[in-house]
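File shown: start_13.pdb (PDB, C-alpha atoms).
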MODEL        1
ATOM      1  CA  MET D   4      11.951 -10.299 -20.713
ATOM      2  CA  PHE D   5       8.719 -12.299 -20.402
ATOM      3  CA  ASN D   6       5.639 -11.566 -22.507
ATOM      4  CA  HIS D   7       3.066 -13.939 -21.151
ATOM      5  CA  VAL D   8       3.007 -15.385 -17.642
ATOM      6  CA  LEU D   9       1.006 -18.513 -16.842
ATOM      7  CA  VAL D  10      -0.063 -18.986 -13.221
ATOM      8  CA  PRO D  11      -1.689 -22.349 -12.496
ATOM      9  CA  VAL D  12      -3.514 -22.344  -9.150
ATOM     10  CA  ASP D  13      -5.569 -24.824  -7.180
ATOM     11  CA  GLY D  14      -6.916 -22.324  -4.680
ATOM     12  CA  SER D  15      -4.448 -23.278  -1.922
ATOM     13  CA  ASP D  16      -2.722 -20.437  -0.053
ATOM     14  CA  LEU D  17       0.672 -21.189  -1.513
ATOM     15  CA  SER D  18      -0.681 -21.282  -5.058
ATOM     16  CA  MET D  19      -2.429 -17.952  -4.494
ATOM     17  CA  SER D  20       0.680 -16.311  -3.138
ATOM     18  CA  ALA D  21       2.653 -17.689  -6.096
ATOM     19  CA  ALA D  22      -0.034 -16.169  -8.351
ATOM     20  CA  ARG D  23       0.490 -12.799  -6.672
ATOM     21  CA  HIS D  24       4.176 -13.064  -7.433
ATOM     22  CA  GLY D  25       3.186 -13.938 -10.989
ATOM     23  CA  ILE D  26       1.181 -10.721 -11.193
ATOM     24  CA  GLU D  27       4.133  -8.741  -9.895
ATOM     25  CA  LEU D  28       6.431 -10.386 -12.425
ATOM     26  CA  ALA D  29       3.983  -9.677 -15.264
ATOM     27  CA  LYS D  30       3.700  -6.066 -14.157
ATOM     28  CA  LEU D  31       7.458  -5.512 -14.118
ATOM     29  CA  CYS D  32       7.866  -7.184 -17.500
ATOM     30  CA  GLY D  33       4.828  -5.492 -19.027
ATOM     31  CA  ALA D  34       3.527  -8.986 -19.754
ATOM     32  CA  LYS D  35       0.068 -10.497 -20.069
ATOM     33  CA  LEU D  36      -1.122 -12.930 -17.444
ATOM     34  CA  THR D  37      -3.136 -16.107 -17.787
ATOM     35  CA  SER D  38      -4.401 -17.724 -14.626
ATOM     36  CA  MET D  39      -5.601 -21.279 -14.874
ATOM     37  CA  MET D  40      -7.186 -23.931 -12.759
ATOM     38  CA  VAL D  41      -7.586 -27.615 -13.516
ATOM     39  CA  SER D  42     -10.467 -29.570 -12.020
ATOM     40  CA  PRO D  43     -10.737 -33.344 -12.103
ATOM     41  CA  THR D  44     -13.268 -34.777 -14.524
ATOM     42  CA  TYR D  45     -16.621 -36.068 -13.338
ATOM     43  CA  ARG D  46     -16.698 -39.607 -12.022
ATOM     44  CA  ARG D  47     -19.945 -41.412 -11.851
ATOM     45  CA  HIS D  48     -20.421 -44.105  -9.293
ATOM     46  CA  PHE D  49     -23.139 -46.535 -10.185
ATOM     47  CA  GLU D  50     -23.913 -50.167  -9.943
ATOM     48  CA  GLU D  51     -24.890 -52.362 -12.840
ATOM     49  CA  GLY D  52     -28.590 -52.205 -13.392
ATOM     50  CA  PHE D  53     -28.928 -49.036 -11.435
ATOM     51  CA  VAL D  54     -31.359 -46.748 -13.181
ATOM     52  CA  ALA D  55     -30.622 -43.088 -12.812
ATOM     53  CA  PRO D  56     -32.597 -40.965 -15.212
ATOM     54  CA  THR D  57     -31.238 -37.793 -13.659
ATOM     55  CA  VAL D  58     -27.613 -38.767 -14.000
ATOM     56  CA  HIS D  59     -26.798 -36.147 -16.598
ATOM     57  CA  VAL D  60     -28.505 -33.557 -14.435
ATOM     58  CA  ILE D  61     -26.256 -34.474 -11.537
ATOM     59  CA  ARG D  62     -23.261 -34.226 -13.772
ATOM     60  CA  GLU D  63     -24.273 -30.854 -15.068
ATOM     61  CA  ARG D  64     -24.957 -29.600 -11.584
ATOM     62  CA  TRP D  65     -21.597 -30.884 -10.409
ATOM     63  CA  GLU D  66     -19.773 -29.303 -13.306
ATOM     64  CA  GLU D  67     -21.582 -26.041 -12.767
ATOM     65  CA  GLU D  68     -20.636 -26.011  -9.128
ATOM     66  CA  VAL D  69     -16.990 -26.860  -9.795
ATOM     67  CA  THR D  70     -16.772 -24.270 -12.555
ATOM     68  CA  GLY D  71     -18.318 -21.688 -10.270
ATOM     69  CA  ARG D  72     -15.824 -22.356  -7.531
ATOM     70  CA  ALA D  73     -12.895 -22.322  -9.942
ATOM     71  CA  GLN D  74     -14.119 -19.106 -11.510
ATOM     72  CA  ALA D  75     -14.312 -17.451  -8.094
ATOM     73  CA  VAL D  76     -10.659 -18.300  -7.455
ATOM     74  CA  LEU D  77      -9.597 -17.209 -10.936
ATOM     75  CA  ASP D  78     -11.608 -13.999 -10.678
ATOM     76  CA  LYS D  79      -9.783 -13.117  -7.490
ATOM     77  CA  ILE D  80      -6.496 -13.282  -9.386
ATOM     78  CA  CYS D  81      -7.804 -11.282 -12.319
ATOM     79  CA  VAL D  82      -9.124  -8.594  -9.970
ATOM     80  CA  GLU D  83      -5.713  -8.311  -8.341
ATOM     81  CA  ALA D  84      -4.049  -8.305 -11.745
ATOM     82  CA  GLY D  85      -6.413  -5.579 -12.905
ATOM     83  CA  ARG D  86      -5.548  -3.535  -9.857
ATOM     84  CA  ALA D  87      -1.882  -3.900 -10.777
ATOM     85  CA  GLY D  88      -2.659  -2.874 -14.346
ATOM     86  CA  VAL D  89      -1.895  -6.317 -15.752
ATOM     87  CA  GLN D  90      -4.015  -7.736 -18.566
ATOM     88  CA  CYS D  91      -5.435 -11.019 -17.311
ATOM     89  CA  ASN D  92      -7.244 -13.967 -18.825
ATOM     90  CA  SER D  93      -8.408 -17.028 -17.013
ATOM     91  CA  VAL D  94      -8.694 -20.614 -18.159
ATOM     92  CA  HIS D  95     -10.603 -23.354 -16.421
ATOM     93  CA  VAL D  96     -10.227 -26.891 -17.709
ATOM     94  CA  PHE D  97     -11.388 -30.312 -16.666
ATOM     95  CA  GLY D  98      -8.631 -32.879 -16.727
ATOM     96  CA  ASP D  99      -7.198 -35.662 -14.644
ATOM     97  CA  ALA D 100      -3.572 -34.806 -15.310
ATOM     98  CA  PRO D 101      -3.174 -31.198 -14.172
ATOM     99  CA  TYR D 102       0.441 -30.938 -15.343
ATOM    100  CA  GLN D 103      -0.562 -31.950 -18.876
ATOM    101  CA  ALA D 104      -3.281 -29.313 -18.919
ATOM    102  CA  ILE D 105      -0.759 -26.754 -17.661
ATOM    103  CA  ILE D 106       1.805 -27.641 -20.345
ATOM    104  CA  ASP D 107      -0.894 -27.655 -23.052
ATOM    105  CA  THR D 108      -2.258 -24.301 -21.964
ATOM    106  CA  ALA D 109       1.235 -22.818 -21.875
ATOM    107  CA  GLN D 110       1.724 -23.976 -25.452
ATOM    108  CA  ASN D 111      -1.678 -22.948 -26.771
ATOM    109  CA  LYS D 112      -1.458 -19.513 -25.235
ATOM    110  CA  ALA D 113       2.214 -19.109 -26.125
ATOM    111  CA  CYS D 114       3.207 -18.389 -22.543
ATOM    112  CA  ASP D 115       6.932 -17.947 -21.951
ATOM    113  CA  VAL D 116       7.115 -18.562 -18.211
ATOM    114  CA  VAL D 117       5.175 -20.550 -15.620
ATOM    115  CA  VAL D 118       4.954 -19.271 -12.029
ATOM    116  CA  MET D 119       3.692 -21.774  -9.483
ATOM    117  CA  GLY D 120       3.927 -22.873  -5.879
ATOM    118  CA  SER D 121       6.090 -25.782  -4.781
ATOM    119  CA  HIS D 122       3.071 -27.598  -3.347
ATOM    120  CA  GLY D 123      -0.660 -27.436  -3.963
ATOM    121  CA  TYR D 124      -3.526 -28.831  -1.946
ATOM    122  CA  GLY D 125      -2.375 -32.382  -2.332
ATOM    123  CA  GLY D 126       1.072 -31.427  -1.094
ATOM    124  CA  MET D 127       2.776 -33.497   1.535
ATOM    125  CA  LYS D 128       5.277 -31.122   2.995
ATOM    126  CA  GLN D 129       7.882 -33.798   3.508
ATOM    127  CA  PHE D 130       8.219 -34.236  -0.229
ATOM    128  CA  ILE D 131      10.598 -31.807  -1.766
ATOM    129  CA  LEU D 132       8.112 -30.788  -4.433
ATOM    130  CA  GLY D 133       4.446 -31.298  -5.068
ATOM    131  CA  SER D 134       3.725 -33.964  -7.650
ATOM    132  CA  GLU D 135       2.212 -31.636 -10.228
ATOM    133  CA  THR D 136       4.961 -29.040  -9.799
ATOM    134  CA  ALA D 137       7.584 -31.739 -10.271
ATOM    135  CA  ARG D 138       5.787 -32.988 -13.393
ATOM    136  CA  VAL D 139       5.513 -29.485 -14.813
ATOM    137  CA  LEU D 140       9.235 -28.974 -14.155
ATOM    138  CA  SER D 141      10.032 -32.191 -15.935
ATOM    139  CA  HIS D 142       7.851 -31.598 -18.987
ATOM    140  CA  SER D 143       7.976 -27.850 -19.471
ATOM    141  CA  LYS D 144      10.062 -26.435 -22.267
ATOM    142  CA  ILE D 145       9.719 -22.935 -20.854
ATOM    143  CA  PRO D 146      11.204 -21.625 -17.604
ATOM    144  CA  VAL D 147       9.342 -22.347 -14.397
ATOM    145  CA  VAL D 148       9.528 -20.182 -11.265
ATOM    146  CA  VAL D 149       8.841 -22.241  -8.162
ATOM    147  CA  TYR D 150       7.688 -20.432  -5.009
ATOM    148  CA  ARG D 151       7.654 -21.994  -1.611
TER     149      ARG D 151
ATOM    150  CA  MET I   7      10.123  -7.696  -6.588
ATOM    151  CA  PHE I   8      13.615  -9.175  -6.694
ATOM    152  CA  THR I   9      16.566  -7.173  -5.423
ATOM    153  CA  HIS I  10      19.376  -9.696  -5.569
ATOM    154  CA  VAL I  11      19.600 -12.536  -8.073
ATOM    155  CA  LEU I  12      21.863 -15.535  -7.474
ATOM    156  CA  THR I  13      22.850 -17.581 -10.481
ATOM    157  CA  PRO I  14      24.988 -20.662  -9.893
ATOM    158  CA  VAL I  15      26.952 -21.857 -12.912
ATOM    159  CA  ASP I  16      29.196 -24.804 -13.612
ATOM    160  CA  GLY I  17      30.426 -23.679 -16.998
ATOM    161  CA  SER I  18      28.040 -25.923 -18.931
ATOM    162  CA  GLU I  19      26.178 -24.415 -21.883
ATOM    163  CA  LEU I  20      22.795 -24.580 -20.156
ATOM    164  CA  SER I  21      24.095 -22.999 -16.957
ATOM    165  CA  MET I  22      25.590 -20.137 -18.970
ATOM    166  CA  GLN I  23      22.290 -19.641 -20.763
ATOM    167  CA  ALA I  24      20.465 -19.545 -17.444
ATOM    168  CA  ALA I  25      23.010 -17.017 -16.185
ATOM    169  CA  ARG I  26      22.351 -14.832 -19.227
ATOM    170  CA  GLN I  27      18.640 -14.965 -18.423
ATOM    171  CA  ALA I  28      19.543 -14.029 -14.859
ATOM    172  CA  ILE I  29      21.340 -10.934 -16.143
ATOM    173  CA  GLU I  30      18.246  -9.976 -18.095
ATOM    174  CA  LEU I  31      16.046 -10.578 -15.074
ATOM    175  CA  ALA I  32      18.345  -8.521 -12.838
ATOM    176  CA  LYS I  33      18.254  -5.742 -15.417
ATOM    177  CA  VAL I  34      14.429  -5.724 -15.551
ATOM    178  CA  PHE I  35      14.266  -5.609 -11.757
ATOM    179  CA  SER I  36      17.278  -3.275 -11.339
ATOM    180  CA  ALA I  37      18.617  -5.955  -9.033
ATOM    181  CA  LYS I  38      22.134  -6.937  -8.099
ATOM    182  CA  LEU I  39      23.551 -10.171  -9.447
ATOM    183  CA  SER I  40      25.760 -12.730  -7.766
ATOM    184  CA  VAL I  41      27.236 -15.434  -9.944
ATOM    185  CA  LEU I  42      28.551 -18.483  -8.136
ATOM    186  CA  LEU I  43      30.731 -21.382  -9.180
ATOM    187  CA  VAL I  44      31.271 -24.267  -6.793
ATOM    188  CA  SER I  45      34.303 -26.518  -7.209
ATOM    189  CA  PRO I  46      34.842 -29.770  -5.348
ATOM    190  CA  THR I  47      37.433 -29.734  -2.568
ATOM    191  CA  TYR I  48      40.887 -31.164  -3.056
ATOM    192  CA  LYS I  49      41.209 -34.893  -2.547
ATOM    193  CA  GLN I  50      44.603 -36.263  -1.840
ATOM    194  CA  LEU I  51      45.258 -39.908  -2.492
ATOM    195  CA  THR I  52      47.821 -41.231  -0.083
ATOM    196  CA  ASP I  53      48.706 -44.436   1.653
ATOM    197  CA  GLU I  54      49.395 -44.536   5.325
ATOM    198  CA  GLY I  55      52.975 -43.672   5.901
ATOM    199  CA  PHE I  56      53.339 -42.289   2.432
ATOM    200  CA  VAL I  57      55.649 -39.338   2.570
ATOM    201  CA  ALA I  58      54.828 -36.592   0.147
ATOM    202  CA  PRO I  59      56.843 -33.519   0.858
ATOM    203  CA  LEU I  60      55.380 -31.861  -2.183
ATOM    204  CA  ALA I  61      51.753 -32.566  -1.247
ATOM    205  CA  GLY I  62      51.278 -29.020  -0.037
ATOM    206  CA  ALA I  63      52.638 -27.655  -3.255
ATOM    207  CA  ALA I  64      50.481 -29.987  -5.345
ATOM    208  CA  ARG I  65      47.421 -28.863  -3.461
ATOM    209  CA  GLN I  66      48.316 -25.227  -3.958
ATOM    210  CA  ARG I  67      48.872 -25.789  -7.649
ATOM    211  CA  TRP I  68      45.579 -27.654  -7.999
ATOM    212  CA  LYS I  69      43.679 -24.953  -6.167
ATOM    213  CA  ALA I  70      45.235 -22.216  -8.244
ATOM    214  CA  ASP I  71      44.433 -24.123 -11.402
ATOM    215  CA  VAL I  72      40.791 -24.695 -10.439
ATOM    216  CA  ALA I  73      40.397 -21.109  -9.247
ATOM    217  CA  GLU I  74      41.787 -19.823 -12.512
ATOM    218  CA  ARG I  75      39.360 -21.906 -14.549
ATOM    219  CA  ALA I  76      36.461 -20.802 -12.367
ATOM    220  CA  LYS I  77      37.530 -17.203 -12.777
ATOM    221  CA  LYS I  78      37.366 -17.582 -16.553
ATOM    222  CA  VAL I  79      33.798 -18.868 -16.453
ATOM    223  CA  LEU I  80      32.699 -16.278 -13.905
ATOM    224  CA  GLY I  81      34.484 -13.585 -15.909
ATOM    225  CA  VAL I  82      32.307 -14.309 -18.937
ATOM    226  CA  ILE I  83      29.155 -13.631 -16.916
ATOM    227  CA  GLU I  84      30.693 -10.626 -15.154
ATOM    228  CA  ALA I  85      31.576  -9.088 -18.495
ATOM    229  CA  GLU I  86      28.089  -9.658 -19.883
ATOM    230  CA  ALA I  87      26.503  -8.227 -16.746
ATOM    231  CA  ALA I  88      28.707  -5.148 -16.991
ATOM    232  CA  LYS I  89      27.667  -4.752 -20.611
ATOM    233  CA  ALA I  90      24.020  -4.880 -19.517
ATOM    234  CA  GLY I  91      24.688  -2.391 -16.739
ATOM    235  CA  VAL I  92      23.981  -4.901 -14.000
ATOM    236  CA  LYS I  93      26.020  -4.796 -10.792
ATOM    237  CA  CYS I  94      27.613  -8.209 -10.515
ATOM    238  CA  LYS I  95      29.647 -10.014  -7.909
ATOM    239  CA  ALA I  96      31.451 -13.242  -8.722
ATOM    240  CA  VAL I  97      31.853 -15.867  -6.006
ATOM    241  CA  HIS I  98      33.971 -18.981  -6.209
ATOM    242  CA  ALA I  99      33.539 -21.587  -3.499
ATOM    243  CA  PHE I 100      35.130 -24.934  -2.731
ATOM    244  CA  HIS I 101      32.509 -27.356  -1.503
ATOM    245  CA  ASP I 102      31.639 -31.000  -2.075
ATOM    246  CA  SER I 103      27.925 -30.516  -2.173
ATOM    247  CA  PRO I 104      27.205 -27.667  -4.543
ATOM    248  CA  HIS I 105      23.605 -27.216  -3.422
ATOM    249  CA  GLU I 106      24.725 -26.455   0.137
ATOM    250  CA  ALA I 107      27.158 -23.855  -1.110
ATOM    251  CA  ILE I 108      24.390 -22.372  -3.265
ATOM    252  CA  ILE I 109      21.917 -22.149  -0.374
ATOM    253  CA  ASP I 110      24.623 -20.776   1.955
ATOM    254  CA  THR I 111      25.630 -18.129  -0.532
ATOM    255  CA  ALA I 112      22.003 -17.166  -1.099
ATOM    256  CA  ASN I 113      21.483 -16.785   2.661
ATOM    257  CA  LYS I 114      24.716 -14.951   3.320
ATOM    258  CA  SER I 115      24.376 -12.536   0.442
ATOM    259  CA  GLY I 116      20.675 -11.935   1.055
ATOM    260  CA  CYS I 117      19.612 -13.105  -2.395
ATOM    261  CA  ASP I 118      15.883 -13.319  -3.029
ATOM    262  CA  VAL I 119      15.776 -15.510  -6.122
ATOM    263  CA  VAL I 120      17.914 -18.270  -7.624
ATOM    264  CA  VAL I 121      18.128 -18.637 -11.409
ATOM    265  CA  ILE I 122      19.515 -22.017 -12.416
ATOM    266  CA  GLY I 123      19.602 -24.382 -15.396
ATOM    267  CA  SER I 124      17.706 -27.656 -15.178
ATOM    268  CA  HIS I 125      20.902 -29.658 -15.734
ATOM    269  CA  GLY I 126      24.580 -28.936 -15.281
ATOM    270  CA  HIS I 127      27.646 -30.726 -16.583
ATOM    271  CA  GLY I 128      26.821 -33.903 -14.741
ATOM    272  CA  GLY I 129      23.315 -33.907 -16.163
ATOM    273  CA  MET I 130      21.813 -37.037 -17.587
ATOM    274  CA  LYS I 131      19.156 -35.803 -19.908
ATOM    275  CA  GLN I 132      16.805 -38.647 -19.151
ATOM    276  CA  PHE I 133      16.396 -37.451 -15.608
ATOM    277  CA  ILE I 134      13.777 -34.808 -15.214
ATOM    278  CA  LEU I 135      16.101 -32.506 -13.323
ATOM    279  CA  GLY I 136      19.770 -32.383 -12.557
ATOM    280  CA  SER I 137      20.685 -33.607  -9.089
ATOM    281  CA  GLU I 138      21.961 -30.287  -7.764
ATOM    282  CA  THR I 139      19.035 -28.372  -9.237
ATOM    283  CA  SER I 140      16.523 -30.633  -7.537
ATOM    284  CA  ARG I 141      18.449 -30.379  -4.270
ATOM    285  CA  VAL I 142      18.437 -26.599  -4.528
ATOM    286  CA  LEU I 143      14.684 -26.746  -5.216
ATOM    287  CA  SER I 144      14.155 -28.893  -2.166
ATOM    288  CA  HIS I 145      16.248 -26.841   0.260
ATOM    289  CA  SER I 146      15.757 -23.288  -0.939
ATOM    290  CA  LYS I 147      13.460 -21.018   1.002
ATOM    291  CA  ILE I 148      13.531 -18.449  -1.797
ATOM    292  CA  PRO I 149      11.961 -18.835  -5.240
ATOM    293  CA  VAL I 150      13.916 -20.774  -7.830
ATOM    294  CA  LEU I 151      13.667 -20.108 -11.555
ATOM    295  CA  VAL I 152      14.559 -23.222 -13.522
ATOM    296  CA  TYR I 153      15.665 -22.874 -17.152
ATOM    297  CA  ARG I 154      15.865 -25.739 -19.547
TER     298      ARG I 154
ENDMDL
END
Can I see the file as structure tokens?
Amino acid sequence: MFNHVLVPVDGSDLSMSAARHGIELAKLCGAKLTSMMVSPTYRRHFEEGFVAPTVHVIRERWEEEVTGRAQAVLDKICVEAGRAGVQCNSVHVFGDAPYQAIIDTAQNKACDVVVMGSHGYGGMKQFILGSETARVLSHSKIPVVVYR
Amino acid sequence: MFTHVLTPVDGSELSMQAARQAIELAKVFSAKLSVLLVSPTYKQLTDEGFVAPLAGAARQRWKADVAERAKKVLGVIEAEAAKAGVKCKAVHAFHDSPHEAIIDTANKSGCDVVVIGSHGHGGMKQFILGSETSRVLSHSKIPVLVYR
């Protein structure tokens, strides 16, 4: 029924358990899985006239560290997917609008379902849905499974 | 993964499409299917002191009429489920807040996933989600699959 499952995670417990459900769904459907994580872009704080010759080094180091952490989370999912016999790819992108990155990735990779948690790290439990989940629901043209 | 799929419909095109996806999902998971239609309760317009000896009869007639129409819609899904070899139970409920009836039915019947369209009949396309769908999303403790 589904051929390609997209599981966006942010490393939070709920997103990881949603990803596990995504793996299960992919397994039952004989589908591929793409796990993805979106990190915010680098922001540089500096004052006018401030000379920082090593600024690009800091940026690179920051990006390396963020990528490393994201990859560790994504690898965890791919290992579990592999154990379940599900073919898994991972995507890590830098972007300040996670939902847009999720929608774009779904389109580029021709995913036909998104599986995600109702709240991520930024979630305030009193809100019915996390902001990114709500935005994905509102912009996605493909079905979205929301776990809570 | 899922053993009992609940799909609420209101007869709108999108809800029927979502229900068809629910049949497919139930088939993949060898799960049972419950299809639910919620109708508003009967509202009687009377003045104080207004004598309406036929009010009871009118109510009965209205209820029968609504039930018959609901049965037609539910019958379409039941027939398609039977064709797909999916065990299906049709439920018709009278309730003024559909999402409560949906959550109640899910709890009572032990459903473990809700498959629902993003908008029903009352849907205004400019809103990101239909009102009942977002209420179901906010109150459901089980995963919700939203089709659009």
Skipping near chain neighbours, those fewer than 6 positions away, what residues fall within 9 Å of Arg154 of chain I using all atoms listed in the file, listed as a list in words? Ser143, Lys144, Ile145, Pro146 and Val147 of chain D; Leu20, Gln23, Ala24, Ile122, Gly123, Ser124 and His125 of chain I
Got a sec to resolve the PyMOL selection byres ((chain I) within 9 of (chain D)) on this structure and send the residues as a PDB file with C-alpha atoms, in the frame of the given file?
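Wrote it out as part_28.pdb, contents follow:
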ATOM      1  CA  MET I   7      10.123  -7.696  -6.588  1.00  0.00           C
ATOM      2  CA  GLN I  27      18.640 -14.965 -18.423  1.00  0.00           C
ATOM      3  CA  GLU I  30      18.246  -9.976 -18.095  1.00  0.00           C
ATOM      4  CA  LEU I  31      16.046 -10.578 -15.074  1.00  0.00           C
ATOM      5  CA  VAL I  34      14.429  -5.724 -15.551  1.00  0.00           C
ATOM      6  CA  PHE I  35      14.266  -5.609 -11.757  1.00  0.00           C
ATOM      7  CA  VAL I 121      18.128 -18.637 -11.409  1.00  0.00           C
ATOM      8  CA  SER I 124      17.706 -27.656 -15.178  1.00  0.00           C
ATOM      9  CA  PHE I 133      16.396 -37.451 -15.608  1.00  0.00           C
ATOM     10  CA  ILE I 134      13.777 -34.808 -15.214  1.00  0.00           C
ATOM     11  CA  LEU I 135      16.101 -32.506 -13.323  1.00  0.00           C
ATOM     12  CA  SER I 140      16.523 -30.633  -7.537  1.00  0.00           C
ATOM     13  CA  ARG I 141      18.449 -30.379  -4.270  1.00  0.00           C
ATOM     14  CA  LEU I 143      14.684 -26.746  -5.216  1.00  0.00           C
ATOM     15  CA  SER I 144      14.155 -28.893  -2.166  1.00  0.00           C
ATOM     16  CA  HIS I 145      16.248 -26.841   0.260  1.00  0.00           C
ATOM     17  CA  SER I 146      15.757 -23.288  -0.939  1.00  0.00           C
ATOM     18  CA  LYS I 147      13.460 -21.018   1.002  1.00  0.00           C
ATOM     19  CA  ILE I 148      13.531 -18.449  -1.797  1.00  0.00           C
ATOM     20  CA  PRO I 149      11.961 -18.835  -5.240  1.00  0.00           C
ATOM     21  CA  VAL I 150      13.916 -20.774  -7.830  1.00  0.00           C
ATOM     22  CA  LEU I 151      13.667 -20.108 -11.555  1.00  0.00           C
ATOM     23  CA  VAL I 152      14.559 -23.222 -13.522  1.00  0.00           C
ATOM     24  CA  TYR I 153      15.665 -22.874 -17.152  1.00  0.00           C
ATOM     25  CA  ARG I 154      15.865 -25.739 -19.547  1.00  0.00           C
TER      26      ARG I 154
END
Test item: the PyMOL selection byres ((chain D and resi 16) around 12) resolved as a count of residues only: 21
Counting all atoms listed in the file, figure out which residue out of I:Gly81, I:Ala112, I:Arg75, I:Gly62 gets nearest to Cys94 of chain I. I:Gly81
May I ask for the distance between atom CA of Ser42 of chain D and atom CA of Asp99 of chain D, given in Å to one decimal place?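 Pair atom CA of Ser42 of chain D / atom CA of Asp99 of chain D returns 7.4 Å.
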Hey, what comes out of the PyMOL selection byres ((chain D and resi 46) around 12) on this file? Could you write it as a PyMOL selection string? chain D and resi 42-45+47-49+58-59+61-63+65-66+97-99
Identify which of the residues I:Ser45, I:Val15, I:Phe8, I:Val92 lies closest to Lys33 of chain I, counting only C-alpha atoms when measuring atom-to-atom distances.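 Under the stated criterion, the closest residue is I:Val92.
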Looking at all atoms listed in the file, which of I:Ile108, I:Ala90, I:Leu39, I:Ala61 is the one that sits closest to Asp16 of chain I? I:Ile108
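As for atom CA of Ala75 of chain D and atom CA of Thr136 of chain D, they are spaced 22.6 Å apart.
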Work out where the centre of an axis-aligned box around every listed atom of segment 31-39 of chain I lies and how long its edges are once 5 Å is added on each side; give both in Å to one decimal as lines of an AutoDock Vina configuration file.
center_x = 18.9
center_y = -6.9
center_z = -11.8
size_x = 19.3
size_y = 17.3
size_z = 17.5
Could you tell me how far atom CA of Asn92 of chain D lies from atom CA of Leu36 of chain D, in Å and to one decimal? 6.4 Å
From the list I:Lys78, I:Ala85, I:Asp71, I:Ala96, which residue is nearest Val41 of chain I when using only C-alpha atoms?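 Closest residue, counting only C-alpha atoms: I:Ala96.
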